[in-house]
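Asker: One structure is given below, represented as structure tokens, and several questions about it will come after.
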Amino acid sequence: MEVGFLGLGIMGKAMSINLIRSGFKLTVWNRTLSKCDELVELGASIGETPAAVVKKCNYTIAMLSDPSVALSVVFDKDGVLEQICHGKGYIDMSTVGADTSSKISEAITSKGGSFLEAPVSGSKKPAEDGQLVILAAGEKALYDEAIPAFDIMGKKSFFLGQVGNGAKMKLVVNMIMGSMMNAFSEGLVLADRSGLNPHTLLDVLDLGGIANPMFRLKGPTMIQNNYSPAFPLKHQQKDMRLALALGDENAVSMPVAAAANEAFKKARSLGLGDLDFSAVYETVKTLEHSS
Amino acid sequence: MAMCSSFCPPQVPNHFRGTTPIPSFLPKPPSFKAFSSQTATASTKDEFPARVGFLGLGIMGSPMAQNLIKSGCDVTVWNRTKSKCDPLISLGAKYKSSPEEVAASCDVTFAMLADPESAVDVACGKHGAASGIGPGKGYVDVSTVDGATSKLIGEHIKATGALFLEAPVSGSKKPAEDGQLIFLTGGDKSLYETVAPLLDIMGKSRFFLGSVGNGAAMKLVVNMVMGSMMASFSEGLLLGEKVGLDPDVIVEVISQGAISAPMFSMKGPSMVKSVYPTAFPLKHQQKDLRLALGLAESVSQPTPIAAAANELYKVAKSHGLSDHDFSAVIEALKVKMQDPPEY
């Protein structure tokens with residue numbers, strides 16, 4: 001059985017490597033073809049286009065950076081739609097929001113294919129370690145077929161019902177995460193400005209009810225101003241924007257998320273978009289000097 | 001925690017004592033045998049506080065004082081509402097009718113009050129602790145107050161010749177009951193070292209952070225982050241529910257990932273059911289946010305997330321939720337608020 005994989009960025013590369021190492025027969029595609037080299041060395045075949053990959057494979061996984069790329073891979077010339085048909089599945093693990101996911105789902109299913117959205121919670125390291133949390137929704141039969149692959153790539157999978165639910169769950173989680181990163185940054189700066197040792201703050205936080213892996217992992221690197229990207233800030237801001245849009249559509253009050261989004265926007269305007277999302281710390285630090 | 005028969009013998013002095021910065025994890029004594037041999041050779045009656053006072057027996061003070069009594073300490077209590085002293089008295093505590101008398105009759109007096117006003121009143125007011133305390137004695141204020149209040153109390157106490165330690169705690173009702181609090185102290189180092197065995201009874205770790213004000217600041221920073229996190233979590237639960245997700249599944253998904261925190265797992269399920277049993281009253285969380293915003297202002301730091309969160313707690317207070325758990329802030333985001341549930 002052939003499985004396709006479109007998109008070999010920070011996430012896709014780590015996920016597909018785990019699949020190949022576990023014995024999956026993989027056909028891969030990436031917009032910049034050279035990114036496929038490492039996979040080819042491990043035994044993957046290359047597809048020249050998304051359509052070529054879909055043609056070969058029982059189901060195809062996609063891991064793309066944002067809604068516009070996710071749509072283009074499906075709808076453009078040589079895209080997924082040209083070869084999707086009955087008996088083939090398309091699993092989009094990108095984080096794109098419910099609207100984009102629905103659009104893709106409709107297009108796929110109207111050609112007879114089956115569709116599953118399956119965005120993930122977890123960034124680079126969990127992807128490398130096969131410890132992602134997979135938030136799937138859509139065609140249950142395709143979910144069942146994909147479980148062996150999900151079990152390799154992740155530590156837990158959820159089937160959340162109709163298309164849109166996976167996307168929404170991902171946005172809710174990342175909205176909270178973005179706000180938490182901002183709250184954490186405010187705390188680190190306030191500790192520092194009050195004459196406290198930020199490392200001591202990390203120690204105290206790690207002992208109590210608000211201890212969490214993100215603080216534990218990112219705290220030390222933030223204090224050192226090291227923002228090597230596990231989750232690019234521009235993608236975090238994209239997720240906040242999508243979550244706020246969802247709140248907007250449903251008239252849900254979200255003042256903290258709105259404030260957090262502003263901080264991420266500011267960070268992007270300062271040129272920090274490609275750094276890890278923890279670089280929003282720089283924004284919180286420099287607010288004093290912005291005048 | 002090992003129990004001991006005589007009054008409050010010190011626990012095994014951990015090897016972190018006296019050094020700064022103090023690493024976070026302080027292990028409990030490894031064996032009773034080691035504990036009692038330490039007791040035999042360790043400090044004499046002069047070196048650790050024989051008579052301990054405790055002012056303020058609310059949600060936190062009562063279990064903290066109980067843990068001291070259960071460990072064999074000689075404890076004298078006072079509370080504004082006397083009836084709150086009865087459970088402690090039946091466990092063996094003595095009672096005095098004013099903070100002044102408690103401080104006068106004890107070597108070290110702890111105070112656990114709800115807010116800056118009460119803390120100042122108990123320490124410096126009429127028949128306050130400062131009137132009864134003096135040289136050779138110590139005052140440990142474990143209330144959460146702003147730095148200026150702490151310094152004010154400290155000055156009044158030290159003017160009598162006594163020593164002063166601010167020691168606000170991280171942890172709410174259950175950690176207080178379980179002796180799992182985290183002490184964030186500042187002030188007289190020698191008093192810190194004297195009361196360390198008592199802190200080890202009531203808590204799982206302690207930090208000495210330097211001068212008065214540093215403990216208060218650390219506590220406010222921690223609770224600022226916590227208050228923002230709870231507000232954000234509330235936004236997520238409500239958004240998810242509104243768009244058709246099962247909020248219990250949201251809680252489960254969060255518990256699997258990078259932002260999994262004990263607070264979310266513990267409070268999430270009850271928030272989903274709209275019940276808010278009080279471990280940490282919402283009014284105190286809002287007080288802490290207000291004080292944290294004040295601290296931030298004093299160092300010219302904008303804190304938009306904390307400010308947005310603070311507004312939500314204020315809304316919740318205005319709807320009668322002050323005495324519910326701070327997780328009731330989720331109600332502030334709802335279009336149609338529940339009638340404040342019984343708690």
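So you can find residues: chains in the structure tokens are A, B, ... in the order shown, residues in each start at 1, and ligands are numbered from 1 in order.
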Identify all chain A residues at most 8 Å from chain B by counting only C-alpha atoms; ligands do not count. Present them as an NGL selection string.
Answerer: :A and (121-122 or 133 or 156 or 165 or 168-169 or 172-173 or 175-177 or 179-180 or 182-184 or 186-187 or 190-191 or 193-196 or 200-201 or 203-205 or 207-214 or 247 or 250 or 252-257 or 259-260 or 284 or 287-288)
Asker: Enumerate, as a count of residues only, the complete set of residues in segment 24-259 of chain A that a backbone-based DSSP assignment places in helix (DSSP H, G or I).
Answerer: 132
Asker: Using only C-alpha atoms, determine which residues lie at most 9 Å from segment 102-104 of chain A, disregarding the query and same-chain residues fewer than 4 positions distant; provide the list as a PDB file with N, CA and C atoms, in the first residue's frame.
Answerer:
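Writing done, so here's part_4.pdb:
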```pdb
ATOM      1  N   ALA A  70      -2.486  25.337   1.258  1.00  0.00           N
ATOM      2  CA  ALA A  70      -3.337  24.147   1.329  1.00  0.00           C
ATOM      3  C   ALA A  70      -4.341  24.126   0.175  1.00  0.00           C
ATOM      4  N   LEU A  71      -4.888  25.297  -0.140  1.00  0.00           N
ATOM      5  CA  LEU A  71      -5.845  25.393  -1.245  1.00  0.00           C
ATOM      6  C   LEU A  71      -5.154  25.212  -2.590  1.00  0.00           C
ATOM      7  N   VAL A  74      -4.418  21.729  -3.662  1.00  0.00           N
ATOM      8  CA  VAL A  74      -5.611  20.980  -4.064  1.00  0.00           C
ATOM      9  C   VAL A  74      -6.158  21.449  -5.395  1.00  0.00           C
ATOM     10  N   PHE A  75      -6.309  22.783  -5.535  1.00  0.00           N
ATOM     11  CA  PHE A  75      -7.077  23.337  -6.654  1.00  0.00           C
ATOM     12  C   PHE A  75      -6.251  23.727  -7.877  1.00  0.00           C
ATOM     13  N   ASP A  92      -5.740  16.062   5.233  1.00  0.00           N
ATOM     14  CA  ASP A  92      -5.042  17.329   5.382  1.00  0.00           C
ATOM     15  C   ASP A  92      -4.740  17.590   6.840  1.00  0.00           C
ATOM     16  N   GLY A  97      -8.061  26.211   9.520  1.00  0.00           N
ATOM     17  CA  GLY A  97      -9.367  26.809   9.839  1.00  0.00           C
ATOM     18  C   GLY A  97     -10.489  26.069   9.156  1.00  0.00           C
ATOM     19  N   ALA A  98     -11.677  26.197   9.761  1.00  0.00           N
ATOM     20  CA  ALA A  98     -12.812  25.389   9.316  1.00  0.00           C
ATOM     21  C   ALA A  98     -13.255  25.727   7.895  1.00  0.00           C
ATOM     22  N   ILE A 108     -13.008  17.544  -2.687  1.00  0.00           N
ATOM     23  CA  ILE A 108     -12.519  16.163  -2.697  1.00  0.00           C
ATOM     24  C   ILE A 108     -13.692  15.189  -2.819  1.00  0.00           C
ATOM     25  N   THR A 109     -14.691  15.386  -1.973  1.00  0.00           N
ATOM     26  CA  THR A 109     -15.793  14.417  -1.947  1.00  0.00           C
ATOM     27  C   THR A 109     -16.653  14.501  -3.201  1.00  0.00           C
ATOM     28  N   PHE A 115     -12.364  12.332   2.529  1.00  0.00           N
ATOM     29  CA  PHE A 115     -11.557  13.406   3.111  1.00  0.00           C
ATOM     30  C   PHE A 115     -11.550  13.353   4.639  1.00  0.00           C
ATOM     31  N   VAL A 163     -16.434  17.334   9.491  1.00  0.00           N
ATOM     32  CA  VAL A 163     -15.382  18.233   9.015  1.00  0.00           C
ATOM     33  C   VAL A 163     -15.616  19.626   9.602  1.00  0.00           C
ATOM     34  N   GLY A 164     -14.522  20.186  10.088  1.00  0.00           N
ATOM     35  CA  GLY A 164     -14.609  21.486  10.749  1.00  0.00           C
ATOM     36  C   GLY A 164     -14.276  21.361  12.223  1.00  0.00           C
TER      37      GLY A 164
END
```
Asker: Between A:Ala141, A:Ala14, A:Ala251, A:Tyr90, single out the one closest to Pro126 of chain A, counting only C-alpha atoms.
Answerer: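 Smallest separation from Pro126 of chain A among the options: A:Ala14.
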Asker: Report, in Å with one decimal, the straight-line distance from atom CA of Tyr227 of chain A to atom CA of Asp206 of chain A.
Answerer: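 Between these atoms lies a distance of 20.8 Å.
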Asker: List as a CSV table (one decimal) with N, CA, C and O atoms, in the first residue's frame the protein and nucleic acid residues near segment 151-167 of chain B, meaning an atom at most 7 Å away when only C-alpha atoms are counted, but skip any in the same chain fewer than 4 places from it.
Answerer:
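As a result, part.csv now contains:
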```
chain,number,residue,atom,x,y,z
B,120,VAL,N,-2.2,45.1,57.3
B,120,VAL,CA,-1.7,46.3,58.0
B,120,VAL,C,-2.4,46.5,59.3
B,120,VAL,O,-1.8,46.7,60.3
B,123,ALA,N,-1.2,43.9,61.8
B,123,ALA,CA,0.2,44.2,62.3
B,123,ALA,C,0.4,45.5,63.0
B,123,ALA,O,1.0,45.5,64.1
B,124,CYS,N,-0.2,46.5,62.5
B,124,CYS,CA,0.1,47.9,63.0
B,124,CYS,C,-1.1,48.6,63.6
B,124,CYS,O,-0.9,49.7,64.1
B,130,ALA,N,2.4,44.5,66.3
B,130,ALA,CA,3.6,45.4,66.6
B,130,ALA,C,3.6,45.9,68.0
B,130,ALA,O,4.6,46.2,68.6
B,133,ILE,N,5.1,42.7,70.0
B,133,ILE,CA,6.3,42.0,69.6
B,133,ILE,C,7.5,42.9,70.1
B,133,ILE,O,7.4,44.0,70.4
B,134,GLY,N,8.7,42.2,70.1
B,134,GLY,CA,9.9,42.9,70.5
B,134,GLY,C,11.1,42.1,70.2
B,134,GLY,O,11.1,41.1,69.5
B,135,PRO,N,12.3,42.6,70.7
B,135,PRO,CA,13.5,41.9,70.4
B,135,PRO,C,13.5,40.4,70.8
B,135,PRO,O,12.8,40.0,71.7
B,136,GLY,N,14.2,39.6,69.9
B,136,GLY,CA,14.2,38.2,70.1
B,136,GLY,C,13.0,37.5,69.5
B,136,GLY,O,12.9,36.3,69.5
B,137,LYS,N,12.0,38.3,69.0
B,137,LYS,CA,10.9,37.7,68.4
B,137,LYS,C,10.9,37.9,66.9
B,137,LYS,O,11.6,38.8,66.3
B,138,GLY,N,10.0,37.2,66.2
B,138,GLY,CA,9.9,37.3,64.7
B,138,GLY,C,8.4,37.4,64.2
B,138,GLY,O,7.6,36.8,64.9
B,139,TYR,N,8.2,38.1,63.1
B,139,TYR,CA,6.9,38.2,62.5
B,139,TYR,C,7.0,37.8,61.1
B,139,TYR,O,7.8,38.3,60.3
B,140,VAL,N,6.2,36.8,60.7
B,140,VAL,CA,6.3,36.2,59.4
B,140,VAL,C,4.9,36.5,58.7
B,140,VAL,O,3.9,35.8,59.1
B,141,ASP,N,4.8,37.4,57.8
B,141,ASP,CA,3.6,37.7,57.1
B,141,ASP,C,3.4,36.9,55.9
B,141,ASP,O,4.1,37.1,54.9
B,142,VAL,N,2.5,35.9,55.9
B,142,VAL,CA,2.3,35.0,54.7
B,142,VAL,C,1.2,35.5,53.9
B,142,VAL,O,0.8,34.8,52.9
B,147,GLY,N,4.3,45.3,47.5
B,147,GLY,CA,5.6,45.6,48.1
B,147,GLY,C,5.5,46.7,49.1
B,147,GLY,O,6.1,46.6,50.2
B,183,PHE,N,6.7,28.7,49.6
B,183,PHE,CA,6.9,30.0,50.2
B,183,PHE,C,7.9,30.9,49.5
B,183,PHE,O,9.0,30.5,49.1
B,184,LEU,N,7.5,32.1,49.2
B,184,LEU,CA,8.3,33.1,48.4
B,184,LEU,C,8.7,34.2,49.4
B,184,LEU,O,8.0,35.2,49.6
B,185,THR,N,9.9,34.1,50.0
B,185,THR,CA,10.2,35.0,51.1
B,185,THR,C,11.2,36.1,50.8
B,185,THR,O,12.0,36.0,49.9
B,186,GLY,N,11.1,37.1,51.7
B,186,GLY,CA,12.1,38.2,51.6
B,186,GLY,C,12.2,38.9,53.0
B,186,GLY,O,11.2,38.9,53.7
B,187,GLY,N,13.3,39.4,53.3
B,187,GLY,CA,13.4,40.1,54.6
B,187,GLY,C,14.6,39.6,55.4
B,187,GLY,O,15.7,39.5,54.8
B,188,ASP,N,14.4,39.4,56.7
B,188,ASP,CA,15.6,39.0,57.6
B,188,ASP,C,16.0,37.6,57.3
B,188,ASP,O,15.2,36.6,57.6
B,191,LEU,N,15.8,35.2,60.4
B,191,LEU,CA,14.5,34.8,60.7
B,191,LEU,C,14.0,33.7,59.8
B,191,LEU,O,13.4,32.7,60.2
B,192,TYR,N,14.4,33.8,58.5
B,192,TYR,CA,14.1,32.8,57.5
B,192,TYR,C,14.7,31.5,57.9
B,192,TYR,O,14.0,30.4,57.9
B,212,VAL,N,12.9,42.7,51.6
B,212,VAL,CA,11.4,42.8,51.7
B,212,VAL,C,10.9,43.5,50.4
B,212,VAL,O,11.5,44.5,49.9
B,213,GLY,N,9.9,42.9,49.8
B,213,GLY,CA,9.4,43.4,48.5
B,213,GLY,C,9.6,42.3,47.4
B,213,GLY,O,8.8,42.2,46.5
B,215,GLY,N,9.7,39.0,47.8
B,215,GLY,CA,8.7,37.9,47.9
B,215,GLY,C,7.4,38.3,47.4
B,215,GLY,O,6.7,37.6,46.7
```
Asker: Find the residues around Pro116 of chain B up to 7 Å (only C-alpha atoms counted), leave out those fewer than 2 positions away in its own chain, and share them as number ranges by chain.
Answerer: B: 118-120, 145, 149
Asker: Please provide as a PDB file with C-alpha atoms, in the first residue's frame all residues within 8 Å of Thr283 of chain A, with the sequence filter that same-chain residues fewer than 6 positions apart are discarded (counting only C-alpha atoms).
Answerer:
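What follows is the written file part.pdb:
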```pdb
ATOM      1  CA  ALA A 263       1.328  41.405  20.477  1.00  0.00           C
ATOM      2  CA  LYS A 266       3.569  43.752  16.587  1.00  0.00           C
ATOM      3  CA  ALA A 267       6.189  41.009  16.632  1.00  0.00           C
TER       4      ALA A 267
END
```
Asker: If we count only C-alpha atoms and set the cut-off at 12 Å, which residues sit around Glu331 of chain B, ignoring sequence neighbours fewer than 4 positions away in its own chain? Please answer as a PyMOL selection string.
Answerer: (chain A and resi 253) or (chain B and resi 230-231+234-235+237-238+271-276+282+312-322+324-327+335-341)
